[in-house]
$ cat run09.cif   # mmCIF, C-alpha atoms (C1' of nucleotides)
data_structure
#
loop_
_atom_site.label_atom_id
_atom_site.label_comp_id
_atom_site.auth_asym_id
_atom_site.auth_seq_id
_atom_site.Cartn_x
_atom_site.Cartn_y
_atom_site.Cartn_z
CA MET O 29 78.48 80.80 89.84
CA ASP O 30 80.77 81.94 87.08
CA ARG O 31 79.66 85.51 87.58
CA ASP O 32 80.88 85.45 91.18
CA ARG O 33 84.45 84.76 90.23
CA PRO O 34 85.59 88.32 89.59
CA ALA O 35 84.05 89.25 92.94
CA ALA O 36 85.90 86.40 94.60
CA TRP O 37 89.12 87.69 93.17
CA ARG O 38 88.63 91.23 94.38
CA THR O 39 87.61 90.10 97.82
CA TYR O 40 90.73 88.03 98.04
CA ILE O 41 93.12 90.70 96.87
CA GLU O 42 91.76 93.48 99.03
CA ALA O 43 91.65 91.43 102.21
CA SER O 44 95.13 90.11 101.50
CA GLN O 45 96.46 93.62 101.13
CA ARG O 46 94.95 94.62 104.43
CA LEU O 47 96.23 91.50 106.10
CA PHE O 48 99.80 91.95 104.88
CA THR O 49 99.81 95.57 105.99
CA ARG O 50 98.49 94.65 109.39
CA LEU O 51 100.92 91.81 109.96
CA GLU O 52 103.85 93.92 108.89
CA ASP O 53 102.86 96.69 111.28
CA ASP O 54 102.56 94.19 114.12
CA LEU O 55 105.88 92.61 113.31
CA ARG O 56 107.67 95.91 113.08
CA ALA O 57 106.22 97.11 116.34
CA ALA O 58 107.09 93.91 118.18
CA SER O 59 110.55 93.25 116.82
CA GLY O 60 111.77 96.06 114.59
CA LEU O 61 111.93 93.63 111.69
CA SER O 62 110.23 94.16 108.38
CA PHE O 63 108.31 91.41 106.74
CA ALA O 64 111.16 90.88 104.31
CA ASP O 65 113.72 90.73 107.13
CA TYR O 66 111.69 88.11 108.90
CA HIS O 67 111.26 85.95 105.84
CA VAL O 68 114.95 86.04 105.08
CA LEU O 69 115.69 84.91 108.62
CA VAL O 70 113.12 82.12 108.45
CA LEU O 71 114.40 80.80 105.16
CA LEU O 72 118.01 80.83 106.26
CA SER O 73 117.21 79.22 109.60
CA GLU O 74 115.51 76.30 107.89
CA VAL O 75 118.31 75.31 105.60
CA PRO O 76 121.40 73.21 106.45
CA GLY O 77 124.40 75.43 107.16
CA HIS O 78 122.07 78.39 107.60
CA ARG O 79 123.19 79.70 104.23
CA LEU O 80 121.72 80.19 100.76
CA ARG O 81 122.95 81.42 97.43
CA MET O 82 121.65 84.88 96.61
CA GLY O 83 119.77 83.66 93.57
CA GLU O 84 118.11 80.81 95.42
CA LEU O 85 117.05 83.13 98.19
CA ALA O 86 115.67 85.64 95.70
CA ASP O 87 113.58 82.91 94.07
CA ARG O 88 112.14 81.77 97.35
CA LEU O 89 111.34 85.31 98.45
CA VAL O 90 109.93 86.23 95.04
CA PHE O 91 112.38 89.16 95.00
CA SER O 92 114.28 90.65 92.08
CA PRO O 93 118.06 90.16 92.28
CA SER O 94 118.84 93.79 92.95
CA ARG O 95 116.14 94.04 95.56
CA LEU O 96 117.70 91.13 97.37
CA THR O 97 121.14 92.72 97.14
CA TYR O 98 119.77 95.78 98.88
CA GLN O 99 117.80 93.75 101.40
CA ILE O 100 120.81 91.66 102.40
CA SER O 101 123.03 94.74 102.57
CA THR O 102 120.82 96.40 105.14
CA MET O 103 120.53 93.21 107.14
CA GLN O 104 124.28 92.85 106.97
CA ARG O 105 124.73 96.36 108.37
CA ARG O 106 122.48 95.40 111.26
CA GLY O 107 124.43 92.22 111.86
CA LEU O 108 121.55 89.85 111.10
CA VAL O 109 123.27 88.10 108.23
CA ALA O 110 126.73 87.91 106.72
CA ARG O 111 127.77 87.68 103.12
CA GLN O 112 130.32 85.07 102.09
CA PRO O 113 131.80 84.19 98.73
CA CYS O 114 130.56 80.88 97.41
CA PRO O 115 133.30 78.21 97.39
CA GLN O 116 131.97 76.25 94.41
CA ASP O 117 131.28 79.18 92.15
CA ARG O 118 133.34 82.28 92.54
CA ARG O 119 130.79 84.45 90.79
CA GLY O 120 128.32 83.84 93.52
CA SER O 121 127.88 84.77 97.13
CA GLU O 122 125.90 83.33 99.95
CA ALA O 123 123.86 84.93 102.67
CA VAL O 124 124.62 83.35 106.01
CA LEU O 125 122.60 83.63 109.19
CA THR O 126 124.54 85.08 112.10
CA ALA O 127 124.06 84.27 115.76
CA ALA O 128 122.43 87.66 116.20
CA GLY O 129 120.13 86.93 113.30
CA LEU O 130 119.05 83.63 114.76
CA LEU O 131 118.46 85.30 118.08
CA ALA O 132 116.39 88.03 116.47
CA LEU O 133 114.30 85.39 114.73
CA ARG O 134 113.76 83.41 117.93
CA GLU O 135 112.72 86.63 119.60
CA ALA O 136 110.33 87.71 116.88
CA ALA O 137 108.75 84.40 115.91
CA PRO O 138 106.33 83.95 118.82
CA HIS O 139 104.97 87.48 118.40
CA HIS O 140 104.58 87.04 114.70
CA LEU O 141 102.95 83.64 114.93
CA HIS O 142 100.58 85.02 117.49
CA SER O 143 99.77 87.85 115.15
CA VAL O 144 99.11 85.47 112.28
CA ARG O 145 96.87 83.39 114.47
CA THR O 146 94.97 86.40 115.73
CA HIS O 147 94.40 88.05 112.40
CA LEU O 148 93.91 85.02 110.20
CA MET O 149 94.06 81.52 111.54
CA ASP O 150 91.85 81.70 114.59
CA ASP O 151 89.05 82.78 112.36
CA LEU O 152 89.31 79.69 110.15
CA ASP O 153 87.96 76.25 110.91
CA ASP O 154 89.91 73.14 109.98
CA ALA O 155 88.13 72.69 106.69
CA GLU O 156 88.95 76.24 105.68
CA VAL O 157 92.61 75.83 106.56
CA ALA O 158 92.67 72.67 104.49
CA CYS O 159 91.02 74.44 101.59
CA LEU O 160 93.38 77.40 101.80
CA THR O 161 96.36 75.10 101.85
CA ARG O 162 95.11 73.07 98.94
CA ILE O 163 94.35 76.12 96.78
CA PHE O 164 97.61 77.91 97.35
CA THR O 165 99.82 74.85 97.27
CA ARG O 166 98.46 74.05 93.83
CA LEU O 167 98.65 77.69 92.72
CA GLY O 168 102.21 78.06 93.93
CA ARG O 169 103.31 74.93 92.14
CA ARG O 170 101.67 76.02 88.91
CA LEU O 171 103.19 79.48 89.03
CA ARG O 172 106.65 78.21 89.83
CA GLU O 173 106.42 75.91 86.85
CA ALA O 174 105.15 78.70 84.63
CA ASP O 175 108.01 80.98 85.67
CA GLY O 176 110.43 78.46 84.29
CA GLY O 177 108.67 77.12 81.22
CA ASP O 178 106.27 78.58 78.70
CA ALA O 179 104.74 81.55 80.44
CA THR O 180 102.81 83.20 77.64
CA LEU O 181 99.20 84.04 78.11
CA ALA O 182 97.03 81.96 75.80
CA THR O 183 95.29 83.59 72.86
CA MET O 184 92.74 86.19 73.74
CA PRO O 185 89.10 85.34 73.26
CA GLY O 186 87.36 88.36 71.78
CA ASP O 187 84.87 88.54 74.60
CA ASP O 188 83.60 91.74 76.17
CA MET U 9 96.39 70.08 112.49
CA ASP U 10 97.55 73.01 114.54
CA ARG U 11 101.10 72.45 113.34
CA ASP U 12 99.98 72.82 109.75
CA ARG U 13 98.72 76.33 110.21
CA PRO U 14 102.02 78.15 109.97
CA ALA U 15 102.67 76.12 106.82
CA ALA U 16 99.27 77.10 105.47
CA TRP U 17 100.11 80.72 106.04
CA ARG U 18 103.41 80.51 104.25
CA THR U 19 101.96 78.66 101.32
CA TYR U 20 99.32 81.32 101.00
CA ILE U 21 101.65 84.29 101.18
CA GLU U 22 104.22 82.93 98.78
CA ALA U 23 101.74 81.89 96.13
CA SER U 24 99.91 85.20 96.50
CA GLN U 25 103.11 87.09 95.93
CA ARG U 26 103.82 85.11 92.81
CA LEU U 27 100.29 85.57 91.58
CA PHE U 28 100.28 89.34 92.10
CA THR U 29 103.60 89.69 90.33
CA ARG U 30 102.39 87.61 87.44
CA LEU U 31 99.08 89.44 87.05
CA GLU U 32 100.78 92.81 87.21
CA ASP U 33 103.24 91.80 84.51
CA ASP U 34 100.42 90.59 82.29
CA LEU U 35 98.40 93.73 82.87
CA ARG U 36 101.32 95.99 82.14
CA ALA U 37 102.22 94.12 78.99
CA ALA U 38 98.66 94.15 77.70
CA SER U 39 97.61 97.68 78.59
CA GLY U 40 100.49 99.70 80.00
CA LEU U 41 98.58 100.07 83.25
CA SER U 42 99.94 99.16 86.65
CA PHE U 43 97.88 97.22 89.08
CA ALA U 44 97.25 100.38 91.04
CA ASP U 45 96.20 102.29 87.93
CA TYR U 46 93.74 99.58 87.04
CA HIS U 47 92.30 99.40 90.49
CA VAL U 48 91.77 103.17 90.61
CA LEU U 49 89.96 103.05 87.29
CA VAL U 50 87.74 100.18 88.42
CA LEU U 51 86.77 101.88 91.65
CA LEU U 52 85.96 105.18 89.95
CA SER U 53 84.00 103.48 87.19
CA GLU U 54 81.76 101.76 89.69
CA VAL U 55 80.66 104.79 91.61
CA PRO U 56 77.94 107.30 90.66
CA GLY U 57 79.42 110.38 89.00
CA HIS U 58 82.66 108.48 88.44
CA ARG U 59 84.26 110.47 91.23
CA LEU U 60 85.56 109.82 94.72
CA ARG U 61 87.06 111.89 97.49
CA MET U 62 90.77 111.30 97.88
CA GLY U 63 90.39 109.92 101.37
CA GLU U 64 87.65 107.52 100.42
CA LEU U 65 89.66 106.29 97.49
CA ALA U 66 92.73 105.84 99.67
CA ASP U 67 90.72 103.73 102.11
CA ARG U 68 89.36 101.48 99.41
CA LEU U 69 92.76 101.01 97.81
CA VAL U 70 94.47 100.45 101.16
CA PHE U 71 96.87 103.28 100.20
CA SER U 72 98.46 105.92 102.39
CA PRO U 73 97.31 109.48 101.65
CA SER U 74 100.58 110.59 100.16
CA ARG U 75 100.85 107.48 98.06
CA LEU U 76 97.43 108.24 96.62
CA THR U 77 98.41 111.83 95.94
CA TYR U 78 101.33 110.58 93.91
CA GLN U 79 99.30 107.88 92.19
CA ILE U 80 96.58 110.29 91.11
CA SER U 81 99.15 112.85 89.97
CA THR U 82 100.74 110.42 87.56
CA MET U 83 97.37 109.27 86.28
CA GLN U 84 96.37 112.90 85.86
CA ARG U 85 99.46 113.54 83.76
CA ARG U 86 98.50 110.65 81.54
CA GLY U 87 94.94 111.95 81.26
CA LEU U 88 93.30 108.97 82.92
CA VAL U 89 91.74 110.97 85.75
CA ALA U 90 91.17 114.59 86.63
CA ARG U 91 91.33 116.31 89.98
CA GLN U 92 88.51 118.61 91.02
CA PRO U 93 87.89 120.61 94.18
CA CYS U 94 85.11 119.21 96.29
CA PRO U 95 82.04 121.48 96.33
CA GLN U 96 80.82 120.53 99.80
CA ASP U 97 84.15 120.78 101.54
CA ARG U 98 86.69 123.21 100.23
CA ARG U 99 89.55 121.40 101.91
CA GLY U 100 88.97 118.32 99.86
CA SER U 101 89.42 117.24 96.30
CA GLU U 102 87.95 114.51 94.20
CA ALA U 103 89.46 112.21 91.62
CA VAL U 104 87.25 112.02 88.57
CA LEU U 105 87.39 109.45 85.81
CA THR U 106 87.97 110.97 82.38
CA ALA U 107 86.66 109.64 79.08
CA ALA U 108 90.18 108.47 78.28
CA GLY U 109 90.37 106.73 81.62
CA LEU U 110 87.12 104.91 81.04
CA LEU U 111 88.30 103.90 77.61
CA ALA U 112 91.58 102.62 78.99
CA LEU U 113 89.69 100.54 81.52
CA ARG U 114 87.32 99.10 78.90
CA GLU U 115 90.35 98.23 76.84
CA ALA U 116 92.28 96.63 79.66
CA ALA U 117 89.51 94.78 81.49
CA PRO U 118 89.03 91.79 79.19
CA HIS U 119 92.75 91.09 79.11
CA HIS U 120 93.02 91.36 82.83
CA LEU U 121 89.98 89.24 83.57
CA HIS U 122 91.27 86.63 81.20
CA SER U 123 94.58 86.71 83.00
CA VAL U 124 92.90 86.27 86.37
CA ARG U 125 90.92 83.36 85.02
CA THR U 126 93.96 81.73 83.50
CA HIS U 127 96.23 82.06 86.49
CA LEU U 128 93.78 81.55 89.32
CA MET U 129 90.13 80.90 88.72
CA ASP U 130 90.19 78.20 86.09
CA ASP U 131 92.15 76.07 88.45
CA LEU U 132 89.53 76.24 91.19
CA ASP U 133 86.36 74.23 91.39
CA ASP U 134 83.13 75.79 92.61
CA ALA U 135 83.61 74.64 96.17
CA GLU U 136 87.03 76.23 96.28
CA VAL U 137 85.77 79.52 94.89
CA ALA U 138 83.06 79.49 97.52
CA CYS U 139 85.60 78.76 100.24
CA LEU U 140 87.95 81.48 99.03
CA THR U 141 85.13 84.00 98.94
CA ARG U 142 83.91 83.06 102.37
CA ILE U 143 87.34 83.23 103.98
CA PHE U 144 88.36 86.56 102.51
CA THR U 145 85.01 88.25 102.82
CA ARG U 146 85.07 87.50 106.53
CA LEU U 147 88.72 88.48 106.85
CA GLY U 148 88.22 91.74 104.99
CA ARG U 149 85.28 92.70 107.15
CA ARG U 150 87.18 91.94 110.33
CA LEU U 151 90.22 93.92 109.26
CA ARG U 152 88.21 96.92 108.12
CA GLU U 153 86.52 97.01 111.48
CA ALA U 154 89.83 96.77 113.28
CA ASP U 155 91.31 99.58 111.19
CA GLY U 156 88.46 101.94 111.93
CA GLY U 157 87.07 102.00 115.48
CA ASP U 158 89.90 100.98 117.69
CA ALA U 159 88.09 100.39 120.96
CA THR U 160 84.49 101.45 121.00
CA LEU U 161 83.37 100.94 117.45
CA ALA U 162 85.16 97.66 116.86
CA THR U 163 82.58 95.60 118.69
CA MET U 164 79.60 97.42 117.22
CA PRO U 165 77.57 95.34 114.77
CA GLY U 166 77.76 97.67 111.78
CA ASP U 167 74.84 97.69 109.35
CA ASP U 168 76.25 97.64 105.82
"C1'" DA A 14 144.96 79.11 74.48
"C1'" DG A 15 141.62 82.47 72.44
"C1'" DC A 16 137.15 84.08 71.93
"C1'" DA A 17 132.12 84.45 72.03
"C1'" DC A 18 128.49 83.90 75.04
"C1'" DC A 19 126.12 82.69 79.46
"C1'" DT A 20 125.25 83.46 84.55
"C1'" DA A 21 125.35 85.62 89.22
"C1'" DC A 22 125.54 89.42 91.37
"C1'" DT A 23 126.37 94.45 92.06
"C1'" DT A 24 126.02 99.33 91.06
"C1'" DA A 25 123.86 103.65 89.44
"C1'" DA A 26 120.07 106.23 88.20
"C1'" DA A 27 115.15 106.70 87.99
"C1'" DA A 28 110.67 105.75 89.95
"C1'" DT A 29 107.92 104.81 93.89
"C1'" DT A 30 106.61 104.66 98.81
"C1'" DT A 31 106.91 106.26 103.37
"C1'" DG A 32 106.65 109.51 107.21
"C1'" DA A 33 106.86 114.00 109.17
"C1'" DA A 34 105.68 118.57 108.69
"C1'" DC A 35 102.58 121.79 106.54
"C1'" DA A 36 98.66 124.76 104.73
"C1'" DA A 37 93.85 125.29 104.17
"C1'" DC A 38 89.66 124.68 105.87
"C1'" DA A 39 85.85 122.88 109.02
"C1'" DA A 40 83.79 122.36 113.56
"C1'" DT A 41 83.26 123.73 118.14
"C1'" DG A 42 83.29 126.56 122.15
"C1'" DT A 43 83.47 131.18 124.13
"C1'" DA R 4 83.79 137.32 115.88
"C1'" DC R 5 87.85 134.67 117.56
"C1'" DA R 6 90.82 131.31 119.34
"C1'" DT R 7 91.14 126.09 119.63
"C1'" DT R 8 91.12 121.72 117.90
"C1'" DG R 9 90.50 118.18 114.27
"C1'" DT R 10 90.29 116.95 109.10
"C1'" DT R 11 91.84 116.70 104.36
"C1'" DG R 12 95.03 116.70 101.32
"C1'" DT R 13 99.70 118.09 99.74
"C1'" DT R 14 104.75 118.58 99.98
"C1'" DC R 15 109.47 117.40 100.91
"C1'" DA R 16 113.24 114.51 102.35
"C1'" DA R 17 114.56 109.92 103.19
"C1'" DA R 18 114.01 105.02 102.39
"C1'" DT R 19 112.82 101.45 99.28
"C1'" DT R 20 112.16 99.26 94.76
"C1'" DT R 21 112.75 98.88 89.90
"C1'" DT R 22 115.24 99.25 85.57
"C1'" DA R 23 119.23 99.31 83.01
"C1'" DA R 24 124.09 98.77 82.78
"C1'" DG R 25 128.21 97.06 84.45
"C1'" DT R 26 131.60 93.57 86.45
"C1'" DA R 27 133.59 89.25 87.20
"C1'" DG R 28 133.35 84.43 86.63
"C1'" DG R 29 132.09 80.40 84.24
"C1'" DT R 30 131.23 77.40 79.76
"C1'" DG R 31 131.94 75.75 75.49
"C1'" DC R 32 133.82 75.77 71.00
"C1'" DT R 33 137.83 75.88 67.80
#

$ encode --input "run09.cif" --output "structure tokens"
Amino acid sequence: MDRDRPAAWRTYIEASQRLFTRLEDDLRAASGLSFADYHVLVLLSEVPGHRLRMGELADRLVFSPSRLTYQISTMQRRGLVARQPCPQDRRGSEAVLTAAGLLALREAAPHHLHSVRTHLMDDLDDAEVACLTRIFTRLGRRLREADGGDATLATMPGDD
Amino acid sequence: MDRDRPAAWRTYIEASQRLFTRLEDDLRAASGLSFADYHVLVLLSEVPGHRLRMGELADRLVFSPSRLTYQISTMQRRGLVARQPCPQDRRGSEAVLTAAGLLALREAAPHHLHSVRTHLMDDLDDAEVACLTRIFTRLGRRLREADGGDATLATMPGDD
DNA sequence: AGCACCTACTTAAAATTTGAACAACAATGT
DNA sequence: ACATTGTTGTTCAAATTTTAAGTAGGTGCT
């Protein structure tokens, strides 16, 4: 079984790549939103006040700070979000969901969810969904922890 | 259970993003290769003659043609691959693995595999690996079919 | 207060990716 | 042979992303 693990990894990464590409194409065609746009809107819509600090948003999106700056700037130009100075900390700013942004999300969500169902979920039985959730919940938790704490790769075994 | 499926999807995509970022950082630190570089080297190393047509390589990498052109150009500059005209079809060219490229791969592989084990595989039990493989093998097959024959070929039971 | 050092975000320049247009060739029909 | 259409890969400009500085606030120490 141990020899199958590299194969498992490659299967996973290639199919994921294809899936992301496909879902992004669908989303863009249906709503004009990129994947990143959509995720920003979802995250903001879920949070009280519909606003998040830039840094917090970057963490959740797994984006670099400057990438988020650019991302929010373009969304701001399109009226999907606004940028406001943070009251507590005058260094910071917050991204705030606008009415137009919320509307765009409400418009796009059903298409996107349908797309996710079609391309991924409908093909999975309940046990597989459970397994997927379990694996990636655990993985996500571990990686988030590692990002904060000691992240170094353990010593290399001299295997070849 | 149906309400958990969007959550499952988001868990999966966020953890995947973190994982890819992490593995790429490790790979780059250990070998100076990007994820794309590494993947190109792996694909070429596995194929007879260590050469692939540009189009074929692009398909397997899930890259656009022009992105592959750029990717191969940079690898060519670094001596990891060479570009040769295709004998059968004078329109085409092939990417060929060089000795230096093969060496770079042999050098990088153990680090990378160790990284994959550390960040993903060691955390999964056998049942989870099996589940992961099953899900993404099926998904990959379905998406490849969808990408190719839009209407007529999609429903054909392909013999591979 | 004054000063060294963080932190949060932005900006600027370089690298990468995309998308449309292109050139070279192959395949097909006349 | 010759025009017609489809493939294969490249090129160029524009959009996106990364990397490296820069800016403006905060924090803590004396």

$ calpha_fit_and_write --input "run09.cif" --fixed "chain O" --moving "chain U" --output "short mmCIF file (atom, residue, chain, number, x, y, z; two decimals) with C-alpha atoms, in the coordinates of the input"
data_model
loop_
_atom_site.label_atom_id
_atom_site.label_comp_id
_atom_site.auth_asym_id
_atom_site.auth_seq_id
_atom_site.Cartn_x
_atom_site.Cartn_y
_atom_site.Cartn_z
CA MET U 9 76.77 85.54 90.55
CA ASP U 10 78.97 87.04 87.89
CA ARG U 11 78.19 90.51 89.20
CA ASP U 12 79.51 89.56 92.61
CA ARG U 13 82.97 88.78 91.36
CA PRO U 14 84.31 92.31 91.20
CA ALA U 15 82.97 92.76 94.73
CA ALA U 16 84.70 89.57 95.81
CA TRP U 17 87.94 90.89 94.44
CA ARG U 18 87.67 94.18 96.24
CA THR U 19 86.75 92.57 99.51
CA TYR U 20 89.76 90.34 99.21
CA ILE U 21 92.25 93.06 98.37
CA GLU U 22 91.11 95.48 101.03
CA ALA U 23 91.06 92.96 103.83
CA SER U 24 94.43 91.59 102.72
CA GLN U 25 95.92 95.04 102.86
CA ARG U 26 94.61 95.56 106.35
CA LEU U 27 95.83 92.16 107.43
CA PHE U 28 99.35 92.67 106.07
CA THR U 29 99.61 96.05 107.73
CA ARG U 30 98.43 94.65 111.01
CA LEU U 31 100.75 91.64 110.97
CA GLU U 32 103.72 93.79 110.05
CA ASP U 33 103.00 96.16 112.92
CA ASP U 34 102.73 93.26 115.35
CA LEU U 35 105.92 91.68 114.07
CA ARG U 36 107.85 94.91 114.28
CA ALA U 37 106.62 95.63 117.77
CA ALA U 38 107.45 92.15 119.01
CA SER U 39 110.80 91.58 117.34
CA GLY U 40 112.02 94.67 115.52
CA LEU U 41 111.92 92.73 112.27
CA SER U 42 110.09 93.86 109.16
CA PHE U 43 107.97 91.48 107.23
CA ALA U 44 110.66 91.24 104.60
CA ASP U 45 113.35 90.55 107.20
CA TYR U 46 111.29 87.77 108.67
CA HIS U 47 110.55 86.22 105.34
CA VAL U 48 114.23 86.21 104.37
CA LEU U 49 115.12 84.50 107.63
CA VAL U 50 112.41 81.87 107.17
CA LEU U 51 113.47 81.06 103.63
CA LEU U 52 117.14 80.76 104.54
CA SER U 53 116.40 78.67 107.61
CA GLU U 54 114.50 76.14 105.55
CA VAL U 55 117.15 75.41 102.99
CA PRO U 56 120.17 73.10 103.34
CA GLY U 57 123.30 75.04 104.27
CA HIS U 58 121.13 78.00 105.26
CA ARG U 59 122.20 79.78 102.09
CA LEU U 60 120.61 80.88 98.85
CA ARG U 61 121.77 82.57 95.68
CA MET U 62 120.58 86.15 95.45
CA GLY U 63 118.53 85.48 92.36
CA GLU U 64 116.81 82.46 93.82
CA LEU U 65 116.00 84.36 96.96
CA ALA U 66 114.64 87.28 94.95
CA ASP U 67 112.34 84.92 93.04
CA ARG U 68 110.97 83.34 96.17
CA LEU U 69 110.40 86.68 97.85
CA VAL U 70 108.86 88.20 94.72
CA PHE U 71 111.46 91.00 95.02
CA SER U 72 113.29 92.88 92.30
CA PRO U 73 117.05 92.26 92.21
CA SER U 74 117.99 95.69 93.42
CA ARG U 75 115.43 95.59 96.17
CA LEU U 76 116.97 92.35 97.39
CA THR U 77 120.44 93.84 97.25
CA TYR U 78 119.28 96.61 99.52
CA GLN U 79 117.35 94.28 101.80
CA ILE U 80 120.30 91.95 102.29
CA SER U 81 122.66 94.89 102.84
CA THR U 82 120.63 96.19 105.74
CA MET U 83 120.29 92.73 107.23
CA GLN U 84 124.02 92.26 106.82
CA ARG U 85 124.67 95.47 108.73
CA ARG U 86 122.52 94.18 111.54
CA GLY U 87 124.34 90.85 111.51
CA LEU U 88 121.33 88.76 110.56
CA VAL U 89 122.84 87.41 107.35
CA ALA U 90 126.22 87.33 105.67
CA ARG U 91 127.10 87.63 102.02
CA GLN U 92 129.49 85.13 100.48
CA PRO U 93 130.80 84.70 96.94
CA CYS U 94 129.37 81.70 95.19
CA PRO U 95 131.99 78.97 94.63
CA GLN U 96 130.47 77.53 91.46
CA ASP U 97 129.85 80.81 89.72
CA ARG U 98 132.12 83.70 90.46
CA ARG U 99 129.59 86.23 89.24
CA GLY U 100 127.16 85.29 91.93
CA SER U 101 126.86 85.69 95.64
CA GLU U 102 124.90 83.91 98.30
CA ALA U 103 123.05 85.16 101.34
CA VAL U 104 123.86 83.03 104.35
CA LEU U 105 121.98 82.89 107.62
CA THR U 106 124.14 83.78 110.62
CA ALA U 107 123.78 82.39 114.13
CA ALA U 108 122.33 85.74 115.18
CA GLY U 109 119.88 85.58 112.32
CA LEU U 110 118.71 82.13 113.29
CA LEU U 111 118.34 83.26 116.86
CA ALA U 112 116.33 86.28 115.82
CA LEU U 113 114.03 84.05 113.81
CA ARG U 114 113.56 81.58 116.68
CA GLU U 115 112.76 84.52 118.90
CA ALA U 116 110.31 86.12 116.52
CA ALA U 117 108.51 83.07 115.14
CA PRO U 118 106.21 82.24 118.06
CA HIS U 119 105.02 85.83 118.31
CA HIS U 120 104.41 86.03 114.62
CA LEU U 121 102.63 82.70 114.37
CA HIS U 122 100.46 83.68 117.27
CA SER U 123 99.67 86.92 115.51
CA VAL U 124 98.73 85.10 112.32
CA ARG U 125 96.51 82.77 114.29
CA THR U 126 94.84 85.60 116.15
CA HIS U 127 94.17 87.80 113.17
CA LEU U 128 93.39 85.23 110.52
CA MET U 129 93.42 81.54 111.24
CA ASP U 130 91.39 81.30 114.41
CA ASP U 131 88.53 82.87 112.60
CA LEU U 132 88.46 80.22 109.88
CA ASP U 133 86.92 76.80 110.13
CA ASP U 134 88.62 73.79 108.58
CA ALA U 135 86.64 74.00 105.37
CA GLU U 136 87.66 77.60 104.92
CA VAL U 137 91.33 76.85 105.52
CA ALA U 138 91.09 74.09 102.96
CA CYS U 139 89.42 76.42 100.48
CA LEU U 140 91.98 79.16 101.05
CA THR U 141 94.83 76.73 100.56
CA ARG U 142 93.33 75.29 97.43
CA ILE U 143 92.64 78.66 95.84
CA PHE U 144 96.04 80.18 96.52
CA THR U 145 98.07 77.09 95.82
CA ARG U 146 96.51 76.94 92.38
CA LEU U 147 96.86 80.68 91.86
CA GLY U 148 100.50 80.69 92.93
CA ARG U 149 101.36 77.85 90.60
CA ARG U 150 99.64 79.54 87.68
CA LEU U 151 101.36 82.85 88.29
CA ARG U 152 104.79 81.31 88.71
CA GLU U 153 104.37 79.56 85.41
CA ALA U 154 103.26 82.75 83.73
CA ASP U 155 106.23 84.66 85.13
CA GLY U 156 108.74 82.15 83.87
CA GLY U 157 108.20 80.68 80.39
CA ASP U 158 106.32 83.28 78.48
CA ALA U 159 105.28 81.31 75.42
CA THR U 160 106.80 77.89 75.13
CA LEU U 161 107.27 76.81 78.70
CA ALA U 162 103.98 78.15 80.02
CA THR U 163 101.95 75.25 78.70
CA MET U 164 104.46 72.60 79.71
CA PRO U 165 103.29 70.37 82.56
CA GLY U 166 106.18 70.97 84.94
CA ASP U 167 107.16 68.15 87.30
CA ASP U 168 107.70 69.64 90.75
#

$ closest_residue --input "run09.cif" --among "U:Glu22, U:Asp97, U:Asp34, U:Glu54" --to "chain R" --atoms "all atoms listed in the file"
U:Asp97

$ resolve_selection --input "run09.cif" --expression "the PyMOL selection byres ((chain U) within 9 of (chain R))" --output "ChimeraX atom specification"
/U:62-63,73-74,77,99-101

$ resolve_selection --input "run09.cif" --expression "the PyMOL selection byres ((chain O and resi 147) around 10)" --output "MDAnalysis selection string"
(chainID O and resid 47 50:51 141:146 148:151) or (chainID U and resid 147 150:151 154)

$ write_last_selection --input "run09.cif" --atoms "C-alpha atoms" --output "tab-separated table (two decimals), keeping the file's coordinate frame"
chain	number	residue	atom	x	y	z
O	47	LEU	CA	96.23	91.50	106.10
O	50	ARG	CA	98.49	94.65	109.39
O	51	LEU	CA	100.92	91.81	109.96
O	141	LEU	CA	102.95	83.64	114.93
O	142	HIS	CA	100.58	85.02	117.49
O	143	SER	CA	99.77	87.85	115.15
O	144	VAL	CA	99.11	85.47	112.28
O	145	ARG	CA	96.87	83.39	114.47
O	146	THR	CA	94.97	86.40	115.73
O	148	LEU	CA	93.91	85.02	110.20
O	149	MET	CA	94.06	81.52	111.54
O	150	ASP	CA	91.85	81.70	114.59
O	151	ASP	CA	89.05	82.78	112.36
U	147	LEU	CA	88.72	88.48	106.85
U	150	ARG	CA	87.18	91.94	110.33
U	151	LEU	CA	90.22	93.92	109.26
U	154	ALA	CA	89.83	96.77	113.28

$ closest_residue --input "run09.cif" --among "U:Leu60, U:Leu49, U:Ile143, U:Val137" --to "Ala36 in chain O" --atoms "all atoms listed in the file"
U:Val137

$ atom_distance --input "run09.cif" --atom1 "CA of Asp155 in chain U" --atom2 "CA of Leu76 in chain U"
18.0 Å

$ atom_distance --input "run09.cif" --atom1 "CA of Ala90 in chain U" --atom2 "CA of Ala117 in chain U"
20.5 Å

$ resolve_selection --input "run09.cif" --expression "the PyMOL selection byres ((chain A) within 9 of (chain O))" --output "list in words"
DT20, DA21, DC22 and DT23 of chain A

$ closest_atom_pairs --input "run09.cif" --of "chain U" --to "chain O" --cutoff "7 Å" --atoms "all atoms listed in the file" --output "CSV"
residue,atom,partner,partner_atom,distance
U:Ala16,CA,O:Thr161,CA,5.1
U:Thr19,CA,O:Phe164,CA,5.9
U:Tyr20,CA,O:Phe164,CA,5.3
U:Ala23,CA,O:Gly168,CA,4.4
U:Gln25,CA,O:Val90,CA,6.9
U:Arg26,CA,O:Val90,CA,6.6
U:Val70,CA,O:Arg46,CA,6.7
U:Pro118,CA,O:Asp188,CA,6.2
U:Glu136,CA,O:Cys159,CA,6.9
U:Val137,CA,O:Ala36,CA,6.9
U:Cys139,CA,O:Glu156,CA,6.9
U:Leu140,CA,O:Ala36,CA,6.9
U:Thr141,CA,O:Ala36,CA,5.0
U:Phe144,CA,O:Tyr40,CA,5.3
U:Thr145,CA,O:Thr39,CA,5.9
U:Leu147,CA,O:Ala43,CA,6.2
U:Gly148,CA,O:Ala43,CA,4.4
U:Leu151,CA,O:Arg46,CA,6.8
